[in-house]
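These notes are about the structure you will find just below.
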Amino acid sequence: MNKEVTKIINKVTLAERTVHIKLLGDSITHGVGGTGFEQNGETIVEGYARNKDGYCWAKQFKDYMESQYDCIVTNNACKGTKIEFIIDNFEKLVDEDDDIIICTIGTNNRHQNKKETEKIHTKKEHMQEFYNNIIKLNNMFKDSKKDVIFAANIPASVENEKRDDEEVIRIFHMCDVNDLYMKASVECGFPFISIYNAFMNYCRMKDISIDSLLKDGLHPNDKGYDVIFTLMLKELGI
């Protein structure tokens, strides 16, 4: 159990006032791949709306936490976004009354869009850029006096990790996202949980393939979202 993570999330137990929890991330936290995914809720920022009724770990987490504790969970994850999106839209995504942030961004930082860049990074250059932005975002949370828990997301399929076509080239991989968060956590001292490792261990323990829990090689199916929800609670110490 990660004591620093548990110390933060335990603020919901016997809370003297309602605790506000904000979820930030990309499509896997937004809920893409789950049954009924649709951006049919209120607007998060321009171009993105909430996945009001779709099946996903974030909705299960919201329903569970709000039924058990005096808290409000708001999912501000937006599909297709990178860590730069949160940095650039920080004041729109993070509210003054947010107490705890759970941030799972990074899946889309693995690649570069060939049509949007003149220079393709080396793996080291691309990883360094992402690493620098993890530190930058953490500092933004510290300056705004928010408790943040960063999480490395689930593994992708072999085929997804190999993607190299006319539009996109994959530079690094989900295991690298995990390693970069772990390194930044040690260097900066922020709480970190590895849903990546927990998901991998679950598949090994159950003797099932990662792909069996994915709808399209990247986004979870409903069973995959069930697993993430269960692992998230366990890693948070709830």
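Residue numbers start at 1 in each chain; chains themselves are named A, B, ... in the order of the structure tokens; ligands are numbered from 1 in the order shown.
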If you run DSSP on the backbone here, which positions in region 12-206 of chain A get strand (DSSP E)? Please write them as a PDB file with C-alpha atoms, in the first residue's frame.
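Output file selection-v3.pdb follows:
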ATOM      1  CA  VAL A  19     -14.521  16.693  -0.375  1.00  0.00           C
ATOM      2  CA  HIS A  20     -14.238  17.511  -4.090  1.00  0.00           C
ATOM      3  CA  ILE A  21     -12.373  14.951  -6.200  1.00  0.00           C
ATOM      4  CA  LYS A  22     -11.438  15.755  -9.803  1.00  0.00           C
ATOM      5  CA  LEU A  23     -10.487  13.137 -12.405  1.00  0.00           C
ATOM      6  CA  LEU A  24      -8.235  14.258 -15.254  1.00  0.00           C
ATOM      7  CA  GLN A  39     -20.358  12.975 -25.121  1.00  0.00           C
ATOM      8  CA  ASN A  40     -23.940  13.890 -24.256  1.00  0.00           C
ATOM      9  CA  GLY A  41     -23.445  15.600 -20.907  1.00  0.00           C
ATOM     10  CA  GLU A  42     -22.464  19.103 -19.936  1.00  0.00           C
ATOM     11  CA  THR A  43     -19.492  20.786 -21.583  1.00  0.00           C
ATOM     12  CA  ILE A  44     -16.078  20.290 -19.953  1.00  0.00           C
ATOM     13  CA  VAL A  45     -14.175  22.682 -22.209  1.00  0.00           C
ATOM     14  CA  TYR A  48     -15.510  18.159 -25.112  1.00  0.00           C
ATOM     15  CA  ALA A  49     -18.552  17.085 -23.124  1.00  0.00           C
ATOM     16  CA  ARG A  50     -19.138  14.596 -20.336  1.00  0.00           C
ATOM     17  CA  ASN A  51     -19.798  10.926 -20.994  1.00  0.00           C
ATOM     18  CA  CYS A  71     -17.609  13.726  -1.544  1.00  0.00           C
ATOM     19  CA  ILE A  72     -18.311  14.887  -5.081  1.00  0.00           C
ATOM     20  CA  VAL A  73     -16.394  13.262  -7.948  1.00  0.00           C
ATOM     21  CA  THR A  74     -16.179  15.147 -11.250  1.00  0.00           C
ATOM     22  CA  ASN A  75     -14.698  13.565 -14.375  1.00  0.00           C
ATOM     23  CA  ILE A 100      -7.990  15.949  -4.623  1.00  0.00           C
ATOM     24  CA  ILE A 101      -6.896  15.403  -8.227  1.00  0.00           C
ATOM     25  CA  ILE A 102      -6.421  11.942  -9.751  1.00  0.00           C
ATOM     26  CA  CYS A 103      -4.564  12.421 -13.034  1.00  0.00           C
ATOM     27  CA  HIS A 111       3.182   9.368 -30.492  1.00  0.00           C
ATOM     28  CA  GLN A 112       3.711  12.271 -32.818  1.00  0.00           C
ATOM     29  CA  ASN A 113       1.315  13.334 -35.542  1.00  0.00           C
ATOM     30  CA  ASP A 147      -3.408  17.225  -3.545  1.00  0.00           C
ATOM     31  CA  VAL A 148      -2.605  15.218  -6.679  1.00  0.00           C
ATOM     32  CA  ILE A 149      -2.236  11.508  -7.309  1.00  0.00           C
ATOM     33  CA  PHE A 150      -0.712  10.650 -10.676  1.00  0.00           C
ATOM     34  CA  ALA A 151      -1.493   7.266 -12.224  1.00  0.00           C
ATOM     35  CA  ALA A 152       0.110   5.435 -15.147  1.00  0.00           C
ATOM     36  CA  VAL A 168       0.909   8.830 -36.562  1.00  0.00           C
ATOM     37  CA  ILE A 169       4.178   7.299 -35.458  1.00  0.00           C
ATOM     38  CA  ARG A 170       4.485   5.686 -32.033  1.00  0.00           C
ATOM     39  CA  PHE A 192       1.986   7.754  -7.787  1.00  0.00           C
ATOM     40  CA  ILE A 193       0.083   4.551  -8.518  1.00  0.00           C
ATOM     41  CA  SER A 194       0.793   2.172 -11.368  1.00  0.00           C
TER      42      SER A 194
END
Q. What are the DSSP helix (DSSP H, G or I) residues of region 18-238 of chain A, as number ranges by chain?
A. A: 27-30, 57-68, 83-88, 90-93, 107-110, 114-116, 123-143, 158-161, 174-188, 195-206, 210-213, 222-236
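Among the candidates A:Ala184, A:Val12, A:Leu214, A:Ile28, the residue lying nearest to Asn138 (chain A) is A:Ala184 (atoms considered: only C-alpha atoms).
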Non-local contacts of Gly34 (chain A) (7 Å; only C-alpha atoms; under 4 positions in same chain excluded) as an mmCIF file with N, CA, C and O atoms, in the first residue's frame:
data_model
loop_
_atom_site.group_PDB
_atom_site.id
_atom_site.type_symbol
_atom_site.label_atom_id
_atom_site.label_comp_id
_atom_site.auth_asym_id
_atom_site.auth_seq_id
_atom_site.Cartn_x
_atom_site.Cartn_y
_atom_site.Cartn_z
ATOM 1 N N GLY A 54 -22.253 6.463 -20.210
ATOM 2 C CA GLY A 54 -21.451 5.365 -20.741
ATOM 3 C C GLY A 54 -20.784 4.550 -19.637
ATOM 4 O O GLY A 54 -20.469 5.053 -18.561
ATOM 5 N N TYR A 55 -20.556 3.279 -19.930
ATOM 6 C CA TYR A 55 -19.940 2.358 -18.971
ATOM 7 C C TYR A 55 -18.441 2.621 -18.902
ATOM 8 O O TYR A 55 -17.741 2.558 -19.913
ATOM 9 N N CYS A 56 -17.927 2.922 -17.719
ATOM 10 C CA CYS A 56 -16.488 3.186 -17.585
ATOM 11 C C CYS A 56 -16.096 3.125 -16.113
ATOM 12 O O CYS A 56 -16.947 3.172 -15.222
ATOM 13 N N PRO A 220 -10.470 0.029 -23.037
ATOM 14 C CA PRO A 220 -11.046 -1.161 -22.405
ATOM 15 C C PRO A 220 -12.459 -1.454 -22.899
ATOM 16 O O PRO A 220 -13.198 -0.557 -23.309
ATOM 17 N N ASN A 221 -12.824 -2.729 -22.851
ATOM 18 C CA ASN A 221 -14.226 -3.097 -22.977
ATOM 19 C C ASN A 221 -14.845 -3.016 -21.579
ATOM 20 O O ASN A 221 -14.180 -2.606 -20.615
ATOM 21 N N ASP A 222 -16.110 -3.389 -21.448
ATOM 22 C CA ASP A 222 -16.773 -3.247 -20.150
ATOM 23 C C ASP A 222 -16.063 -4.041 -19.061
ATOM 24 O O ASP A 222 -15.915 -3.561 -17.924
#
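Reported to one decimal place, the separation of CA of Lys3 (chain A) from CA of Gln68 (chain A) is 20.8 Å.
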Q) If you measure from CA of Lys92 (chain A) to CA of Phe141 (chain A), what distance in Å do you get, rounded to one decimal? A)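 Between CA of Lys92 (chain A) and CA of Phe141 (chain A) the gap works out to 13.5 Å.
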